[in-house]
>>> print(open('input31.txt').read())   # compact mmCIF, C-alpha atoms
# COMPACT_ATOMS: atom_id res chain seq x y z
CA MET A 30 18.04 7.24 21.44
CA ALA A 31 15.19 5.40 19.69
CA LYS A 32 13.27 7.28 17.03
CA ARG A 33 9.64 7.90 17.99
CA LEU A 34 6.91 7.52 15.38
CA VAL A 35 3.23 8.41 15.27
CA LEU A 36 1.38 5.90 13.04
CA ALA A 37 -1.73 7.05 11.21
CA GLY A 38 -4.19 5.11 9.08
CA TYR A 39 -7.60 3.45 9.15
CA PHE A 40 -6.62 1.24 12.06
CA GLY A 41 -8.65 -0.40 14.83
CA ARG A 42 -11.99 0.06 13.09
CA GLY A 43 -12.92 -3.52 12.27
CA ASN A 44 -11.40 -3.59 8.77
CA LEU A 45 -9.10 -6.60 8.54
CA GLY A 46 -7.25 -5.25 5.50
CA ASP A 47 -6.15 -2.06 7.21
CA ASP A 48 -5.29 -3.95 10.39
CA ALA A 49 -3.16 -6.30 8.26
CA ILE A 50 -1.18 -3.28 7.05
CA LEU A 51 -0.59 -2.12 10.62
CA LEU A 52 0.32 -5.54 11.99
CA ALA A 53 2.73 -6.23 9.12
CA PHE A 54 4.41 -2.86 9.64
CA THR A 55 4.84 -3.27 13.40
CA LYS A 56 6.32 -6.75 12.89
CA ALA A 57 8.68 -5.44 10.19
CA ILE A 58 10.11 -2.73 12.47
CA ALA A 59 10.09 -4.79 15.67
CA ASP A 60 13.87 -5.19 15.68
CA LYS A 61 14.72 -1.73 14.33
CA GLY A 62 14.62 0.09 17.66
CA TYR A 63 11.65 2.35 16.89
CA GLU A 64 9.08 3.42 19.45
CA TYR A 65 5.62 4.27 18.17
CA THR A 66 2.16 5.54 19.03
CA ILE A 67 -0.78 4.29 16.94
CA LEU A 68 -3.88 6.36 16.20
CA ALA A 69 -6.87 4.01 16.29
CA GLY A 70 -10.63 4.08 15.93
CA LYS A 71 -11.04 1.67 18.85
CA PRO A 72 -7.84 1.33 20.92
CA GLU A 73 -9.38 -1.52 22.91
CA LEU A 74 -9.81 -3.51 19.67
CA LEU A 75 -6.13 -3.26 18.75
CA MET A 76 -5.10 -4.24 22.25
CA ARG A 77 -7.47 -7.21 22.41
CA GLU A 78 -6.70 -8.64 18.97
CA TYR A 79 -3.06 -7.71 18.44
CA GLY A 80 -1.66 -6.59 21.78
CA LEU A 81 -0.93 -3.15 20.32
CA ARG A 82 -1.26 -0.04 22.46
CA SER A 83 -2.84 2.99 20.81
CA ILE A 84 -4.67 6.25 21.42
CA SER A 85 -7.98 7.46 20.03
CA HIS A 86 -7.78 8.97 16.57
CA VAL A 87 -9.97 11.84 17.77
CA ASP A 88 -8.02 12.65 20.94
CA PHE A 89 -6.35 15.64 19.30
CA ARG A 90 -4.70 16.91 22.48
CA SER A 91 -2.90 13.58 22.91
CA ILE A 92 -2.16 13.38 19.18
CA GLN A 93 -0.60 16.84 19.26
CA SER A 94 1.60 16.01 22.26
CA ASN A 95 2.76 12.73 20.70
CA ILE A 96 3.61 14.42 17.41
CA GLU A 97 5.57 17.13 19.22
CA ALA A 98 7.44 14.56 21.30
CA GLY A 99 8.16 12.32 18.32
CA ASP A 100 10.44 12.35 15.29
CA ALA A 101 8.02 11.55 12.47
CA LEU A 102 4.41 11.09 11.44
CA VAL A 103 4.22 7.86 9.44
CA PHE A 104 1.39 6.59 7.25
CA PRO A 105 2.07 2.83 6.87
CA GLY A 106 -0.38 2.34 4.00
CA GLY A 107 -3.92 1.94 2.76
CA SER A 108 -6.26 3.99 0.59
CA ILE A 109 -6.81 6.76 3.11
CA PHE A 110 -6.32 9.67 0.72
CA GLN A 111 -9.53 9.18 -1.25
CA ASP A 112 -12.89 10.93 -1.43
CA VAL A 113 -15.19 8.24 -2.81
CA SER A 114 -17.73 8.61 0.00
CA SER A 115 -16.73 12.09 1.21
CA SER A 116 -13.68 14.31 1.61
CA ARG A 117 -13.61 13.80 5.39
CA SER A 118 -10.96 11.08 5.23
CA VAL A 119 -8.62 13.26 3.19
CA ALA A 120 -9.29 16.26 5.41
CA TYR A 121 -8.51 14.30 8.59
CA TYR A 122 -5.18 12.91 7.39
CA ALA A 123 -4.18 16.15 5.68
CA ASN A 124 -4.75 17.93 8.98
CA LEU A 125 -2.37 15.49 10.71
CA VAL A 126 0.28 16.36 8.13
CA LYS A 127 -0.23 20.06 8.87
CA MET A 128 0.18 19.40 12.59
CA ALA A 129 3.41 17.47 12.01
CA LYS A 130 4.98 20.03 9.71
CA LYS A 131 4.01 22.86 12.04
CA ALA A 132 5.90 20.98 14.77
CA ASN A 133 8.85 20.62 12.35
CA LYS A 134 8.54 16.82 12.20
CA LYS A 135 9.12 14.52 9.25
CA VAL A 136 6.18 13.06 7.35
CA VAL A 137 6.66 9.66 5.72
CA MET A 138 4.11 8.12 3.33
CA LEU A 139 4.54 4.35 2.90
CA GLY A 140 2.71 1.84 0.70
CA GLN A 141 0.10 4.39 -0.23
CA GLY A 142 -2.76 3.67 -2.61
CA VAL A 143 -3.68 7.19 -3.70
CA GLY A 144 -7.23 7.94 -4.82
CA PRO A 145 -9.74 7.86 -6.25
CA LEU A 146 -9.96 11.64 -5.84
CA ASN A 147 -12.84 13.25 -7.69
CA GLY A 148 -13.73 16.46 -5.85
CA PHE A 149 -11.85 19.74 -5.85
CA ILE A 150 -11.49 19.78 -2.06
CA GLY A 151 -10.19 16.21 -1.86
CA LYS A 152 -7.67 16.82 -4.63
CA ARG A 153 -6.43 20.05 -3.09
CA LEU A 154 -6.03 18.53 0.39
CA ALA A 155 -4.28 15.41 -0.89
CA SER A 156 -1.96 17.46 -3.08
CA ALA A 157 -0.97 19.64 -0.12
CA ALA A 158 -0.40 16.62 2.15
CA PHE A 159 1.80 14.71 -0.29
CA SER A 160 3.68 17.84 -1.34
CA ALA A 161 4.60 18.40 2.31
CA ALA A 162 5.84 14.83 2.82
CA ASP A 163 9.54 14.14 3.29
CA ALA A 164 9.31 10.74 1.59
CA ILE A 165 6.67 8.99 -0.50
CA ALA A 166 6.34 5.29 -1.34
CA VAL A 167 3.26 4.07 -3.21
CA ARG A 168 2.00 0.55 -3.72
CA ASP A 169 1.29 0.74 -7.47
CA LYS A 170 2.13 2.70 -10.61
CA GLU A 171 -1.42 4.04 -10.84
CA SER A 172 -0.83 5.95 -7.58
CA VAL A 173 2.24 7.60 -9.13
CA LYS A 174 0.07 8.83 -11.98
CA THR A 175 -2.51 10.15 -9.54
CA LEU A 176 0.14 12.10 -7.63
CA LEU A 177 1.53 13.59 -10.83
CA ASP A 178 -2.00 14.56 -11.92
CA LEU A 179 -2.40 16.29 -8.55
CA GLY A 180 0.71 18.34 -9.27
CA VAL A 181 2.84 16.63 -6.62
CA ARG A 182 6.50 16.73 -7.58
CA GLY A 183 9.45 14.81 -6.26
CA SER A 184 10.71 11.25 -6.13
CA PHE A 185 8.14 8.48 -5.60
CA ARG A 186 9.29 4.95 -4.87
CA VAL A 187 6.98 2.19 -6.07
CA THR A 188 6.87 -0.52 -3.41
CA ALA A 189 3.93 -2.80 -2.56
CA ASP A 190 1.19 -3.04 0.03
CA MET A 191 2.61 -3.44 3.53
CA ALA A 192 0.38 -6.49 4.18
CA PHE A 193 2.62 -8.59 1.93
CA LEU A 194 5.09 -8.55 4.83
CA LEU A 195 2.75 -10.58 7.04
CA PRO A 196 4.33 -13.91 7.99
CA VAL A 197 2.58 -17.13 7.05
CA PRO A 198 0.76 -18.62 10.07
CA LYS A 199 1.80 -22.10 11.16
CA HIS A 200 -0.30 -24.85 9.63
CA GLU A 201 -1.62 -27.00 12.45
CA LYS A 202 -1.35 -30.77 12.01
CA GLY A 203 -4.66 -32.42 11.28
CA GLN A 204 -6.23 -29.14 10.16
CA GLN A 205 -9.05 -29.93 7.75
CA GLN A 206 -9.78 -28.18 4.46
CA TYR A 207 -13.20 -26.57 3.99
CA GLY A 208 -14.07 -28.81 1.07
CA VAL A 209 -16.58 -31.65 1.36
CA GLY A 210 -15.66 -34.99 -0.18
CA THR A 211 -14.44 -34.36 -3.71
CA MET A 212 -15.80 -30.80 -3.71
CA LYS A 213 -13.21 -28.03 -3.37
CA SER A 214 -13.57 -24.93 -1.23
CA VAL A 215 -13.67 -21.32 -2.34
CA GLY A 216 -13.87 -18.24 -0.14
CA VAL A 217 -16.20 -15.55 -1.46
CA ASN A 218 -15.87 -11.92 -0.40
CA ALA A 219 -18.45 -9.33 -1.42
CA ARG A 220 -18.66 -5.71 -0.32
CA PRO A 221 -21.06 -2.82 -0.97
CA SER A 222 -20.46 -1.02 -4.25
CA GLY A 223 -22.94 1.14 -6.11
CA SER A 224 -26.26 -0.66 -5.98
CA ASP A 225 -26.39 -3.19 -3.16
CA LYS A 226 -29.26 -4.83 -5.01
CA HIS A 227 -26.98 -5.59 -7.96
CA VAL A 228 -24.16 -6.98 -5.78
CA VAL A 229 -26.62 -9.16 -3.86
CA LYS A 230 -28.21 -10.53 -7.04
CA VAL A 231 -24.85 -11.31 -8.64
CA PHE A 232 -23.27 -13.03 -5.66
CA SER A 233 -26.35 -14.99 -4.55
CA LYS A 234 -26.58 -16.63 -7.97
CA LEU A 235 -22.80 -17.05 -8.13
CA LEU A 236 -22.96 -19.11 -4.93
CA ARG A 237 -25.46 -21.44 -6.58
CA LEU A 238 -23.34 -21.79 -9.72
CA LEU A 239 -20.28 -22.63 -7.65
CA PHE A 240 -22.11 -25.24 -5.57
CA ASP A 241 -23.72 -26.85 -8.63
CA ASN A 242 -20.29 -27.21 -10.22
CA GLY A 243 -18.37 -28.89 -7.44
CA TRP A 244 -17.35 -26.02 -5.17
CA VAL A 245 -18.19 -25.37 -1.53
CA PRO A 246 -18.45 -21.56 -1.23
CA THR A 247 -17.84 -19.82 2.11
CA MET A 248 -18.64 -16.13 2.54
CA ILE A 249 -15.85 -14.03 4.08
CA GLU A 250 -16.56 -10.95 6.18
CA MET A 251 -13.63 -8.51 6.13
CA ASP A 252 -15.26 -5.33 7.43
CA ARG A 253 -17.58 -5.74 10.40
CA GLU A 254 -19.64 -2.67 9.66
CA LEU A 255 -19.92 -2.81 5.87
CA ASP A 256 -19.73 -6.49 4.88
CA ARG A 257 -22.12 -8.02 7.41
CA PRO A 258 -25.34 -6.41 6.04
CA ILE A 259 -24.59 -7.39 2.45
CA ILE A 260 -23.65 -10.96 3.40
CA ASP A 261 -26.97 -11.26 5.23
CA LYS A 262 -28.80 -10.00 2.14
CA ILE A 263 -26.94 -12.43 -0.11
CA GLY A 264 -27.86 -15.31 2.18
CA LYS A 265 -31.52 -14.29 2.17
CA GLU A 266 -31.57 -13.91 -1.63
CA HIS A 267 -29.78 -17.23 -2.02
CA GLY A 268 -32.64 -18.84 -0.16
CA GLY A 269 -30.65 -21.11 2.08
CA LYS A 270 -27.92 -21.31 4.68
CA VAL A 271 -24.58 -20.19 3.26
CA PRO A 272 -21.39 -21.15 5.13
CA GLU A 273 -19.73 -17.99 6.43
CA ILE A 274 -16.68 -16.75 8.25
CA ARG A 275 -17.87 -13.90 10.41
CA ASN A 276 -16.65 -12.02 13.48
CA ILE A 277 -13.02 -12.84 12.76
CA GLY A 278 -10.99 -11.00 15.36
CA SER A 279 -7.72 -10.56 13.51
CA CYS A 280 -6.19 -10.69 10.05
CA VAL A 281 -4.01 -13.60 11.23
CA GLN A 282 -7.11 -15.65 12.00
CA LEU A 283 -8.39 -14.88 8.51
CA GLN A 284 -5.09 -16.02 7.00
CA GLU A 285 -5.48 -19.27 8.94
CA ARG A 286 -8.99 -19.77 7.50
CA ILE A 287 -7.98 -18.96 3.93
CA MET A 288 -5.09 -21.45 4.16
CA ARG A 289 -7.73 -24.17 4.33
CA MET A 290 -9.33 -23.10 1.04
CA ASP A 291 -8.47 -23.93 -2.56
CA ALA A 292 -9.21 -20.47 -3.94
CA VAL A 293 -10.81 -17.10 -3.22
CA ILE A 294 -13.19 -14.96 -5.23
CA GLY A 295 -13.01 -11.45 -3.82
CA MET A 296 -13.94 -7.83 -4.24
CA ARG A 297 -11.85 -6.35 -1.44
CA LEU A 298 -8.19 -5.77 -2.24
CA HIS A 299 -6.98 -7.41 0.94
CA ALA A 300 -9.03 -10.53 0.30
CA GLY A 301 -6.64 -10.99 -2.61
CA ILE A 302 -3.54 -9.91 -0.72
CA LEU A 303 -4.18 -12.09 2.36
CA ALA A 304 -4.91 -15.06 0.10
CA THR A 305 -1.61 -14.44 -1.69
CA THR A 306 0.34 -14.32 1.58
CA VAL A 307 -0.72 -17.91 2.29
CA GLY A 308 -0.30 -19.15 -1.29
CA VAL A 309 -3.97 -19.28 -2.29
CA PRO A 310 -5.01 -17.93 -5.74
CA ALA A 311 -7.55 -15.10 -5.74
CA TYR A 312 -9.89 -14.34 -8.61
CA MET A 313 -10.83 -10.68 -8.24
CA VAL A 314 -13.95 -8.69 -9.11
CA SER A 315 -13.09 -5.00 -9.28
CA TYR A 316 -14.96 -2.14 -7.67
CA ASP A 317 -11.98 0.22 -7.47
CA PRO A 318 -8.78 0.85 -9.52
CA LYS A 319 -6.67 -0.54 -6.66
CA VAL A 320 -8.13 -4.02 -7.28
CA THR A 321 -7.18 -3.85 -10.94
CA ALA A 322 -3.69 -2.65 -9.93
CA PHE A 323 -3.34 -5.74 -7.72
CA THR A 324 -4.34 -8.14 -10.50
CA ASN A 325 -1.85 -6.44 -12.81
CA ALA A 326 0.90 -6.87 -10.22
CA MET A 327 -0.02 -10.56 -9.85
CA GLU A 328 -0.19 -10.99 -13.65
CA TYR A 329 -3.74 -12.25 -13.29
CA PRO A 330 -6.43 -11.66 -15.95
CA THR A 331 -7.94 -8.17 -15.99
CA PRO A 332 -10.85 -8.38 -13.52
CA LEU A 333 -14.49 -7.83 -14.35
CA ASN A 334 -15.94 -4.64 -12.95
CA ILE A 335 -18.77 -5.34 -10.53
CA ALA A 336 -20.97 -2.77 -12.29
CA ASP A 337 -20.90 -4.86 -15.49
CA ALA A 338 -20.56 -8.30 -13.92
CA THR A 339 -23.06 -11.12 -14.12
CA PRO A 340 -22.93 -14.36 -12.10
CA GLU A 341 -22.24 -16.31 -15.29
CA ARG A 342 -19.34 -14.08 -16.37
CA ILE A 343 -17.71 -14.25 -12.95
CA PHE A 344 -18.12 -18.03 -12.80
CA ASP A 345 -16.78 -18.57 -16.33
CA GLY A 346 -13.85 -16.28 -15.62
CA PHE A 347 -13.10 -18.11 -12.38
CA GLN A 348 -13.25 -21.49 -14.11
CA GLY A 349 -10.73 -20.33 -16.71
CA PHE A 350 -8.54 -18.77 -14.02
CA ILE A 351 -8.36 -21.85 -11.83
CA LYS A 352 -8.08 -24.39 -14.64
CA ASP A 353 -4.27 -24.67 -14.84
CA ARG A 354 -3.65 -25.19 -11.13
CA GLU A 355 0.01 -26.13 -11.39
CA ARG A 356 0.94 -23.02 -13.35
CA LEU A 357 -1.24 -20.86 -11.13
CA ALA A 358 0.39 -22.19 -7.95
CA ALA A 359 3.83 -21.36 -9.35
CA THR A 360 2.66 -17.85 -10.27
CA VAL A 361 1.25 -17.20 -6.80
CA SER A 362 4.45 -18.40 -5.13
CA HIS A 363 6.71 -16.33 -7.38
CA LYS A 364 4.64 -13.14 -7.19
CA ARG A 365 4.22 -13.47 -3.42
CA ASP A 366 8.00 -13.43 -2.99
CA GLU A 367 8.41 -10.58 -5.46
CA LEU A 368 5.78 -8.40 -3.82
CA LYS A 369 7.10 -9.17 -0.35
CA ASN A 370 10.52 -7.91 -1.45
CA LEU A 371 8.92 -4.78 -2.90
CA ALA A 372 6.97 -4.19 0.31
CA GLN A 373 10.24 -4.36 2.25
CA GLY A 374 11.19 -1.23 0.34
CA ASN A 375 8.76 0.68 2.58
CA ILE A 376 10.93 -0.11 5.59
CA GLU A 377 14.02 1.01 3.70
CA VAL A 378 12.34 4.33 2.88
CA LEU A 379 11.48 4.80 6.54
CA ALA A 380 15.05 4.10 7.67
CA SER A 381 16.63 6.39 5.09
CA THR A 382 14.25 9.24 5.98
CA VAL A 383 13.99 8.99 9.75
CA GLY A 384 17.02 6.91 10.67
CA THR A 385 17.03 4.12 13.24
>>> encode(input="input31.txt", output="structure tokens")
Amino acid sequence: MAKRLVLAGYFGRGNLGDDAILLAFTKAIADKGYEYTILAGKPELLMREYGLRSISHVDFRSIQSNIEAGDALVFPGGSIFQDVSSSRSVAYYANLVKMAKKANKKVVMLGQGVGPLNGFIGKRLASAAFSAADAIAVRDKESVKTLLDLGVRGSFRVTADMAFLLPVPKHEKGQQQYGVGTMKSVGVNARPSGSDKHVVKVFSKLLRLLFDNGWVPTMIEMDRELDRPIIDKIGKEHGGKVPEIRNIGSCVQLQERIMRMDAVIGMRLHAGILATTVGVPAYMVSYDPKVTAFTNAMEYPTPLNIADATPERIFDGFQGFIKDRERLAATVSHKRDELKNLAQGNIEVLASTVGT
């Protein structure tokens, strides 16, 4: 009889990075014989964009019945155990763990990026949730340290973000690059962090520096709720029409767009990861330790922190980063394969814990 899973994460809420995690996971287990129920913010969104059936993440009666009827509660990945904005995220997912263990079901943590956790409540809830888990796989060494600092004991397998398992979309014949003439294209992803005013000022001037030096910048929206307002502000500050990619329905469509670019400059972790999956180098600007962890894994230069960044420093860093294109292309190809193999370890953890 097929094993039945309940999948929990920040899915179906308009964040292309989290949806990439879910889509990659469902594709990776498609031939393993599992059945699954997804908890989603907007079930209609997952059905429309990915053809995935799900239930509302706040339909607790249905969640309870699915957990009781299933074999395991599985967290396929993401930074869901963090309290940067509030402890509500940690509290929600920790409560799911409680429900599963009360029903005597297995709890499997895969590709987790743990933290940041700053408050007492968030730390206590996360510690309890991970301590109750039957298996834990994290996407970076920094998450191992966070778990140990929380007092969680046991064996932690270091894998990689589940999104590295996404297949490369087919490149359509005749598909044009985003560059114009001899100018090359660069995707630019900004997100809110600290003072929006600072982010807007930095990126609006960065766009001008890029354009004046032979690049065609295109803004990339990865979170419908959070990125759109700041992209609008950057465009207004910039003082002119900025090419943008907005209202992208799925992470696959974003991969297809990025394939047509020469490079990406990004703040969001999955701007870097999705670029890597299609062989495009990503110069990162950090707002969170997970971004720095990604650049370390890719053996890229240590990223500037957005709080200290200036347009000139980002541009100079990007110029140095992209200079040796041949070496950089080889690095991206090698690290993509390496991280894909590591991400496959998540599926191995699932099979060894739950069975198939």
>>> residues_around(input="input31.txt", residues="Val229 of chain A", least_positions_apart="5", cutoff="7 Å", atoms="all atoms listed in the file", output="PyMOL selection string")
chain A and resi 259+262-263
>>> residues_around(input="input31.txt", residues="Tyr329 of chain A", least_positions_apart="2", cutoff="10 Å", atoms="only C-alpha atoms", output="list in words")
Pro310, Ala311, Tyr312, Met313, Thr321, Phe323, Thr324, Asn325, Ala326, Met327, Thr331, Pro332, Phe350, Leu357, Thr360 and Val361 of chain A
>>> closest_residue(input="input31.txt", among="A:Ser91, A:Thr247, A:Ser156, A:Gln373", to="Ser214 of chain A", atoms="all atoms listed in the file")
A:Thr247
>>> closest_residue(input="input31.txt", among="A:Gly41, A:Gly151, A:Pro145, A:Gly62", to="Pro318 of chain A", atoms="only C-alpha atoms")
A:Pro145
>>> closest_residue(input="input31.txt", among="A:Ile287, A:Ile376, A:Leu303, A:Ala161", to="Asp60 of chain A", atoms="only C-alpha atoms")
A:Ile376
>>> residues_around(input="input31.txt", residues="Arg117 of chain A", least_positions_apart="6", cutoff="10 Å", atoms="all atoms listed in the file", output="short mmCIF file (atom, residue, chain, number, x, y, z; two decimals) with C-alpha atoms, keeping the file's coordinate frame")
data_model
loop_
_atom_site.label_atom_id
_atom_site.label_comp_id
_atom_site.auth_asym_id
_atom_site.auth_seq_id
_atom_site.Cartn_x
_atom_site.Cartn_y
_atom_site.Cartn_z
CA PHE A 110 -6.32 9.67 0.72
CA GLN A 111 -9.53 9.18 -1.25
CA ALA A 123 -4.18 16.15 5.68
CA ILE A 150 -11.49 19.78 -2.06
CA GLY A 151 -10.19 16.21 -1.86
#
>>> build_atoms(input="input31.txt", residues="segment 235-263 of chain A", atoms="N, CA and C atoms", output="mmCIF file, in the coordinates of the input")
data_model
loop_
_atom_site.group_PDB
_atom_site.id
_atom_site.type_symbol
_atom_site.label_atom_id
_atom_site.label_comp_id
_atom_site.auth_asym_id
_atom_site.auth_seq_id
_atom_site.Cartn_x
_atom_site.Cartn_y
_atom_site.Cartn_z
ATOM 1 N N LEU A 235 -24.152 -16.503 -7.996
ATOM 2 C CA LEU A 235 -22.800 -17.050 -8.130
ATOM 3 C C LEU A 235 -22.591 -18.205 -7.147
ATOM 4 N N LEU A 236 -23.083 -18.044 -5.926
ATOM 5 C CA LEU A 236 -22.960 -19.110 -4.930
ATOM 6 C C LEU A 236 -23.607 -20.400 -5.430
ATOM 7 N N ARG A 237 -24.760 -20.274 -6.060
ATOM 8 C CA ARG A 237 -25.460 -21.440 -6.580
ATOM 9 C C ARG A 237 -24.675 -22.095 -7.716
ATOM 10 N N LEU A 238 -24.129 -21.268 -8.604
ATOM 11 C CA LEU A 238 -23.340 -21.790 -9.720
ATOM 12 C C LEU A 238 -22.104 -22.540 -9.205
ATOM 13 N N LEU A 239 -21.460 -21.984 -8.210
ATOM 14 C CA LEU A 239 -20.280 -22.630 -7.650
ATOM 15 C C LEU A 239 -20.645 -23.991 -7.052
ATOM 16 N N PHE A 240 -21.708 -24.004 -6.241
ATOM 17 C CA PHE A 240 -22.110 -25.240 -5.570
ATOM 18 C C PHE A 240 -22.529 -26.306 -6.583
ATOM 19 N N ASP A 241 -23.254 -25.897 -7.614
ATOM 20 C CA ASP A 241 -23.720 -26.850 -8.630
ATOM 21 C C ASP A 241 -22.585 -27.404 -9.469
ATOM 22 N N ASN A 242 -21.421 -26.773 -9.396
ATOM 23 C CA ASN A 242 -20.290 -27.210 -10.220
ATOM 24 C C ASN A 242 -19.097 -27.691 -9.387
ATOM 25 N N GLY A 243 -19.398 -28.208 -8.201
ATOM 26 C CA GLY A 243 -18.370 -28.890 -7.440
ATOM 27 C C GLY A 243 -17.561 -28.060 -6.479
ATOM 28 N N TRP A 244 -18.063 -26.882 -6.127
ATOM 29 C CA TRP A 244 -17.350 -26.020 -5.170
ATOM 30 C C TRP A 244 -18.201 -25.820 -3.920
ATOM 31 N N VAL A 245 -17.516 -25.728 -2.783
ATOM 32 C CA VAL A 245 -18.190 -25.370 -1.530
ATOM 33 C C VAL A 245 -17.826 -23.909 -1.235
ATOM 34 N N PRO A 246 -18.758 -22.981 -1.475
ATOM 35 C CA PRO A 246 -18.450 -21.560 -1.230
ATOM 36 C C PRO A 246 -18.654 -21.183 0.233
ATOM 37 N N THR A 247 -17.742 -20.337 0.747
ATOM 38 C CA THR A 247 -17.840 -19.820 2.110
ATOM 39 C C THR A 247 -17.692 -18.311 2.063
ATOM 40 N N MET A 248 -18.691 -17.579 2.546
ATOM 41 C CA MET A 248 -18.640 -16.130 2.540
ATOM 42 C C MET A 248 -17.634 -15.618 3.578
ATOM 43 N N ILE A 249 -16.878 -14.593 3.206
ATOM 44 C CA ILE A 249 -15.850 -14.030 4.080
ATOM 45 C C ILE A 249 -16.200 -12.582 4.421
ATOM 46 N N GLU A 250 -16.325 -12.316 5.695
ATOM 47 C CA GLU A 250 -16.560 -10.950 6.180
ATOM 48 C C GLU A 250 -15.216 -10.309 6.525
ATOM 49 N N MET A 251 -14.907 -9.181 5.869
ATOM 50 C CA MET A 251 -13.630 -8.510 6.130
ATOM 51 C C MET A 251 -13.785 -7.153 6.800
ATOM 52 N N ASP A 252 -14.975 -6.597 6.759
ATOM 53 C CA ASP A 252 -15.260 -5.330 7.430
ATOM 54 C C ASP A 252 -16.540 -5.517 8.223
ATOM 55 N N ARG A 253 -16.434 -5.418 9.540
ATOM 56 C CA ARG A 253 -17.580 -5.740 10.400
ATOM 57 C C ARG A 253 -18.785 -4.849 10.143
ATOM 58 N N GLU A 254 -18.532 -3.611 9.840
ATOM 59 C CA GLU A 254 -19.640 -2.670 9.660
ATOM 60 C C GLU A 254 -20.258 -2.764 8.269
ATOM 61 N N LEU A 255 -19.417 -2.902 7.233
ATOM 62 C CA LEU A 255 -19.920 -2.810 5.870
ATOM 63 C C LEU A 255 -20.271 -4.161 5.240
ATOM 64 N N ASP A 256 -19.514 -5.211 5.555
ATOM 65 C CA ASP A 256 -19.730 -6.490 4.880
ATOM 66 C C ASP A 256 -20.874 -7.302 5.461
ATOM 67 N N ARG A 257 -21.087 -7.209 6.769
ATOM 68 C CA ARG A 257 -22.120 -8.020 7.410
ATOM 69 C C ARG A 257 -23.507 -7.825 6.794
ATOM 70 N N PRO A 258 -23.990 -6.575 6.599
ATOM 71 C CA PRO A 258 -25.340 -6.410 6.040
ATOM 72 C C PRO A 258 -25.485 -7.025 4.653
ATOM 73 N N ILE A 259 -24.443 -6.887 3.822
ATOM 74 C CA ILE A 259 -24.590 -7.390 2.450
ATOM 75 C C ILE A 259 -24.492 -8.913 2.420
ATOM 76 N N ILE A 260 -23.705 -9.502 3.319
ATOM 77 C CA ILE A 260 -23.650 -10.960 3.400
ATOM 78 C C ILE A 260 -24.999 -11.522 3.840
ATOM 79 N N ASP A 261 -25.641 -10.844 4.791
ATOM 80 C CA ASP A 261 -26.970 -11.260 5.230
ATOM 81 C C ASP A 261 -27.975 -11.202 4.085
ATOM 82 N N LYS A 262 -27.892 -10.144 3.282
ATOM 83 C CA LYS A 262 -28.800 -10.000 2.140
ATOM 84 C C LYS A 262 -28.554 -11.067 1.084
ATOM 85 N N ILE A 263 -27.281 -11.391 0.858
ATOM 86 C CA ILE A 263 -26.940 -12.430 -0.110
ATOM 87 C C ILE A 263 -27.487 -13.776 0.347
#
